[in-house]
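S.K.: Before anything else, here's the structure in question.
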Amino acid sequence: MNKWQRFIAILFIVFTSFYLSGQNIFRTTCQGNLNRLDSLLSDTSIDIEDNRGRSLLHWAVACKNEQAFEYLIQNGIDFNGEDNQHKNPMHIAVEYGLQKYFDKLIELQASNKWIEKYGSSFLEIATLKKDSNFVKILIDKGIDINCTNNRGSTALEISKRLNATDISEFLIKNGADSSLIRSFEMKGKLMGQNEPGNSSKMFAPNFISTEAYEFGSVFNSKETEFYFGVDVNGKTEIRFTQLLDGIWSQPKAILTHDRFSYNDPFLSPKENSLYFISDRALDGISEAKRDIDIWYIERINDQWSEPINAGPNINSSFNEYYISFTNEGTMYFSSNVSSNENSKDQDIYYSRFIDGKFQQAVSLGDSINTADYEADVFVNPSEDYIIFCSTRESGFGRGDLYISFKNDQGLWTKSINMGDTINTKNHELCPFVTANGKYLFYTSNEDIYWIDTPIINELKEKVTRLK
């Protein structure tokens with residue numbers, strides 16, 4: 001299970017109460033129980049949206065339920081309704097390679113204006129999925145082969161970035177303009193990016209933050225190395241770029257596999273080990289594990305070792321996610337080991353590093369852990385504060401960042417939401433603060449964002465006032 005898949009599973013569980021309050025209308029649509037759906041719609045708008053802004057028609061397409069699809073169309077659902085990411089049901093059809101539903105939705109369009117409005121995003125999705133068949137279908141439908149998405153990328157540029165050779169060859173053969181492929185040379189400190197200030201900004205667009213789904217990221221203390229996780233067509237890998245002679249190298253995968261996923265990179269305090277999560281088999285040969293463990297690789301003479309499992313005081317037969325460290329080497333991470341496989345109830349733990357070994361992990365108190373999902377924890381090295389992701393009903397979106405501070409008694413204060421400067425209706429996760437304490441990095445809406453850290457001091461003052 002990669003990180004994207006696990007968050008989909010977690011969110012399904014987290015918002016079960018939402019579905020129950022709507023008498024499972026979305027699940028009913030997915031199952032195609034038309035009698036029950038008809039009954040539920042007697043007192044519910046057919047254009048109801050779930051927590052991601054997705055309609056019943058989004059669900060019918062994603063679940064490949066033709067009966068529900070036809071029922072909803074016949075009963076007047078908005079077939080072009082967009083979710084929180086501005087994706088309509090046609091986007092879902094492209095994402096899952098469902099030409100039958102895509103063609104039916106096109107037939108419903110009043111004109112060909114959909115090509116200009118959505119064509120580039122459809123082509124982007126099909127290319128990212130490395131679905132050469134659907135790329136051909138979209139071009140045959142009349143979408144401009146050289147159209148650019150909202151990042152200025154053509155399908156050919158994306159396919160080259162992904163090494164999707166068959167798609168690149170098809171696009172060039174059918175008239176794609178190679179001169180439109182841009183190259184990005186990042187120079188100097190922080191990849192030449194202007195400091196974000198007090199508002200969140202996407203980090204290094206088209207170089208780090210691309211059309212793919214980027215997850216956790218970490219700079220080394222000198223800010224000359226950068227590691228980050230990327231979802232590649234349903235499987236995650238860890239990429240790396242470094243500053244060489246003033247120029248940042250093209251990001252390349254340093255942990256990737258045809259069966260195992262790798263994600264959530266984080267450097268050890270001495271930066272001689274890179275920790276990460278993976279479903280890698282313990283022997284490195286067998287099929288992928290059903291649960292996620294924490295692993296690491298050691299740097300030896302500028303080379304990385306084979307992956308090493310972090311051991312039984314950290315890992316269990318359940319899921320362990322994300323990693324960060326204090327100056328003394330204490331590891332903070334999350335696990336659902338105490339929740340009987342309930343992925344909703346992921347909690348935050350820490351493990352002291354004594355005499356070269358991680359000790360038995362200890363769960364944080366109820367000022368941090370709740371019956372909701374708490375994971376993706378960053379602890380600052382001096383253990384003054386922690387930032388983590390949680391999915392709570394009081395949040396702004398599908399997952400928000402929360403913060404807690406150590407008080408004068410050495411106890412964690414009750415965590416608070418970091419606010420709408422950072423959190424949105426989408427999903428915020430994977431926090432990291434640079435070694436100099438100046439910048440907070442995190443993932444939002446499938447890209448890496450950053451912001452200056454005075455917001456942390458402002459939140460600390462807020463917590464102090466709440467005492």
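Residue numbering restarts at 1 in every chain; chains get A, B, ... in the order shown in the structure tokens, and ligands count up from 1 in that same order.
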Using only C-alpha atoms, find each residue of region 401-446 of chain A with at least one atom at most 10 Å away from an atom of region 216-232 of chain A; report its shortest atom-to-atom pair and that distance in Å (one decimal), sort the rows by chain and rising residue number, and return the result as a Markdown table.

M.R.:
```
| residue | atom | partner | partner_atom | distance |
| --- | --- | --- | --- | --- |
| A:Leu429 | CA | A:Gly216 | CA | 7.9 |
| A:Cys430 | CA | A:Gly216 | CA | 4.8 |
| A:Pro431 | CA | A:Gly216 | CA | 7.2 |
| A:Phe432 | CA | A:Val218 | CA | 6.6 |
| A:Val433 | CA | A:Val218 | CA | 8.3 |
| A:Thr434 | CA | A:Phe219 | CA | 6.6 |
| A:Ala435 | CA | A:Ser221 | CA | 5.2 |
| A:Asn436 | CA | A:Ser221 | CA | 7.4 |
| A:Phe441 | CA | A:Ser217 | CA | 7.4 |
| A:Tyr442 | CA | A:Gly216 | CA | 6.9 |
| A:Thr443 | CA | A:Gly216 | CA | 6.7 |
| A:Glu446 | CA | A:Val230 | CA | 9.4 |
```

S.K.: Those same residues, written as a PDB file, in the first residue's frame with N, CA and C atoms?

M.R.:
```pdb
ATOM      1  N   LEU A 429      -0.128  17.825   4.989  1.00  0.00           N
ATOM      2  CA  LEU A 429       0.577  16.734   5.661  1.00  0.00           C
ATOM      3  C   LEU A 429       2.080  16.923   5.493  1.00  0.00           C
ATOM      4  N   CYS A 430       2.862  16.002   6.038  1.00  0.00           N
ATOM      5  CA  CYS A 430       4.315  15.924   5.852  1.00  0.00           C
ATOM      6  C   CYS A 430       5.062  17.217   6.221  1.00  0.00           C
ATOM      7  N   PRO A 431       4.944  17.698   7.466  1.00  0.00           N
ATOM      8  CA  PRO A 431       5.652  18.930   7.858  1.00  0.00           C
ATOM      9  C   PRO A 431       7.141  18.684   8.100  1.00  0.00           C
ATOM     10  N   PHE A 432       7.929  19.710   7.846  1.00  0.00           N
ATOM     11  CA  PHE A 432       9.370  19.682   8.118  1.00  0.00           C
ATOM     12  C   PHE A 432       9.850  21.121   8.253  1.00  0.00           C
ATOM     13  N   VAL A 433      10.645  21.397   9.299  1.00  0.00           N
ATOM     14  CA  VAL A 433      11.239  22.728   9.491  1.00  0.00           C
ATOM     15  C   VAL A 433      12.738  22.618   9.264  1.00  0.00           C
ATOM     16  N   THR A 434      13.292  23.518   8.473  1.00  0.00           N
ATOM     17  CA  THR A 434      14.710  23.472   8.149  1.00  0.00           C
ATOM     18  C   THR A 434      15.561  23.609   9.409  1.00  0.00           C
ATOM     19  N   ALA A 435      16.798  23.126   9.326  1.00  0.00           N
ATOM     20  CA  ALA A 435      17.688  23.080  10.492  1.00  0.00           C
ATOM     21  C   ALA A 435      17.919  24.447  11.109  1.00  0.00           C
ATOM     22  N   ASN A 436      17.906  25.493  10.290  1.00  0.00           N
ATOM     23  CA  ASN A 436      18.101  26.847  10.820  1.00  0.00           C
ATOM     24  C   ASN A 436      16.824  27.444  11.395  1.00  0.00           C
ATOM     25  N   PHE A 441       8.247  23.491   5.679  1.00  0.00           N
ATOM     26  CA  PHE A 441       7.839  22.823   4.448  1.00  0.00           C
ATOM     27  C   PHE A 441       6.716  21.842   4.762  1.00  0.00           C
ATOM     28  N   TYR A 442       5.817  21.641   3.820  1.00  0.00           N
ATOM     29  CA  TYR A 442       4.749  20.660   3.997  1.00  0.00           C
ATOM     30  C   TYR A 442       4.110  20.389   2.635  1.00  0.00           C
ATOM     31  N   THR A 443       3.306  19.342   2.585  1.00  0.00           N
ATOM     32  CA  THR A 443       2.593  19.010   1.352  1.00  0.00           C
ATOM     33  C   THR A 443       1.164  19.514   1.439  1.00  0.00           C
ATOM     34  N   GLU A 446      -1.162  17.954  -3.065  1.00  0.00           N
ATOM     35  CA  GLU A 446      -0.278  17.119  -3.863  1.00  0.00           C
ATOM     36  C   GLU A 446       0.980  17.831  -4.353  1.00  0.00           C
TER      37      GLU A 446
END
```

S.K.: As a PyMOL selection string, list the residues of region 159-216 of chain A assigned to helix (DSSP H, G or I) by DSSP on the backbone atoms of this structure.

M.R.: chain A and resi 159-162+165-173+178-180+189-192

S.K.: Those same residues, written as an mmCIF file, in the first residue's frame with C-alpha atoms?

M.R.:
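out_16.cif, written as the output of this step:
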```cif
data_model
loop_
_atom_site.group_PDB
_atom_site.id
_atom_site.type_symbol
_atom_site.label_atom_id
_atom_site.label_comp_id
_atom_site.auth_asym_id
_atom_site.auth_seq_id
_atom_site.Cartn_x
_atom_site.Cartn_y
_atom_site.Cartn_z
ATOM 1 C CA SER A 159 6.032 12.369 -20.668
ATOM 2 C CA LYS A 160 9.733 13.219 -21.003
ATOM 3 C CA ARG A 161 9.893 14.018 -17.293
ATOM 4 C CA LEU A 162 8.321 10.624 -16.526
ATOM 5 C CA THR A 165 8.839 6.670 -23.903
ATOM 6 C CA ASP A 166 5.837 5.191 -25.705
ATOM 7 C CA ILE A 167 3.761 8.306 -25.036
ATOM 8 C CA SER A 168 6.612 10.621 -26.049
ATOM 9 C CA GLU A 169 7.099 8.761 -29.306
ATOM 10 C CA PHE A 170 3.386 8.833 -30.094
ATOM 11 C CA LEU A 171 3.119 12.557 -29.351
ATOM 12 C CA ILE A 172 6.134 13.458 -31.490
ATOM 13 C CA LYS A 173 4.916 11.246 -34.342
ATOM 14 C CA SER A 178 9.665 19.439 -28.989
ATOM 15 C CA SER A 179 10.680 23.090 -28.823
ATOM 16 C CA LEU A 180 7.956 23.652 -26.218
ATOM 17 C CA LYS A 189 20.603 28.807 -2.159
ATOM 18 C CA LEU A 190 17.168 27.212 -1.806
ATOM 19 C CA MET A 191 17.127 26.489 -5.543
ATOM 20 C CA GLY A 192 16.984 30.185 -6.295
#
```

S.K.: Return the single residue from A:Lys438, A:Arg299, A:Arg52, A:Arg259 that is closest to Glu287 (chain A), with distances computed using only C-alpha atoms.

M.R.: A:Arg259

S.K.: One decimal, in Å: what's the spacing between CA of Ser278 (chain A) and CA of Pro312 (chain A)?

M.R.: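 CA of Pro312 (chain A) lies 15.0 Å from CA of Ser278 (chain A).
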
S.K.: May I have the residues within 8 Å of region 136-141 of chain A as an MDAnalysis selection string, using only C-alpha atoms and disregarding those fewer than 3 positions away in the same chain?

M.R.: chainID A and resid 119 122:123 132:133 144:145

S.K.: With a distance cut-off of 6 Å and only C-alpha atoms, select the neighbouring residues of region 375-386 of chain A, excluding the residue or stretch itself and same-chain residues fewer than 6 positions from it, and output the selection as a ChimeraX atom specification.

M.R.: /A:322,324,326-327,334,403-406,430-432

S.K.: Kindly export the residues of the current selection with N, CA and C atoms, as a short mmCIF file (atom, residue, chain, number, x, y, z; two decimals), in the first residue's frame.

M.R.:
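The result, stored in part_20.cif:
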```cif
data_model
loop_
_atom_site.label_atom_id
_atom_site.label_comp_id
_atom_site.auth_asym_id
_atom_site.auth_seq_id
_atom_site.Cartn_x
_atom_site.Cartn_y
_atom_site.Cartn_z
N TYR A 322 6.12 7.95 8.84
CA TYR A 322 6.82 9.22 9.01
C TYR A 322 7.84 9.17 10.15
N SER A 324 10.85 11.71 12.48
CA SER A 324 11.67 12.90 12.73
C SER A 324 12.44 12.67 14.03
N THR A 326 14.95 14.25 17.46
CA THR A 326 15.49 15.30 18.32
C THR A 326 17.01 15.30 18.19
N ASN A 327 17.65 16.30 18.81
CA ASN A 327 19.12 16.36 18.79
C ASN A 327 19.75 15.11 19.41
N SER A 334 4.53 7.69 13.88
CA SER A 334 3.15 7.32 14.19
C SER A 334 2.93 5.84 13.92
N ILE A 403 -0.38 21.80 15.95
CA ILE A 403 0.89 22.05 16.64
C ILE A 403 0.68 21.98 18.15
N SER A 404 1.72 21.52 18.84
CA SER A 404 1.72 21.48 20.30
C SER A 404 3.09 21.91 20.78
N PHE A 405 3.15 22.55 21.96
CA PHE A 405 4.40 23.07 22.51
C PHE A 405 4.69 22.42 23.86
N LYS A 406 5.96 22.32 24.19
CA LYS A 406 6.34 21.87 25.53
C LYS A 406 6.18 23.02 26.50
N CYS A 430 2.86 16.00 6.04
CA CYS A 430 4.31 15.92 5.85
C CYS A 430 5.06 17.22 6.22
N PRO A 431 4.94 17.70 7.47
CA PRO A 431 5.65 18.93 7.86
C PRO A 431 7.14 18.68 8.10
N PHE A 432 7.93 19.71 7.85
CA PHE A 432 9.37 19.68 8.12
C PHE A 432 9.85 21.12 8.25
#
```

S.K.: Give the answer as one residue: which of A:Glu271, A:Asn65, A:Asn51, A:Gln109 has the shortest atom-to-atom distance to Phe396 (chain A), using only C-alpha atoms?

M.R.: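 Going through A:Glu271, A:Asn65, A:Asn51, A:Gln109 one by one, the smallest distance to Phe396 (chain A) is for A:Asn51.
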
S.K.: List the neighbours of Lys129 (chain A) out to 9 Å using only C-alpha atoms; skip same-chain residues closer than 2 positions along the sequence, and give me the result as a list in words.

M.R.: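 Counting only the stated atoms, we get Glu95, Tyr96, Gly97, Glu124, Ile125, Ala126, Thr127, Asp131, Ser132, Val232, Asn233 and Gly234 of chain A.
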
S.K.: Would you list the contacts of region 366-371 of chain A as a list of chain:residue names, taking every protein, DNA or RNA residue within 8 Å and counting only C-alpha atoms, but skipping same-chain residues closer than 4 positions in sequence?

M.R.: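 My list of contacting residues is A:Lys344, A:Asp345, A:Asp347, A:Ile348, A:Ser404, A:Trp412, A:Thr413, A:Lys414, A:Ser415.
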
S.K.: Got a sec: who's within 9 Å of Arg151 (chain A), counting only C-alpha atoms, leaving out chain neighbours fewer than 6 positions off, as an MDAnalysis selection string?

M.R.: chainID A and resid 205:206 210:211

S.K.: Output C-alpha atoms for every residue in the selection just made, as a PDB file, in the first residue's frame.

M.R.:
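Okay, result18.pdb is ready:
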```
ATOM      1  CA  PRO A 205       7.434  24.639  -9.373  1.00  0.00           C
ATOM      2  CA  ASN A 206       8.159  22.280 -12.278  1.00  0.00           C
ATOM      3  CA  THR A 210       5.368  18.951 -10.537  1.00  0.00           C
ATOM      4  CA  GLU A 211       2.195  17.400 -11.909  1.00  0.00           C
TER       5      GLU A 211
END
```
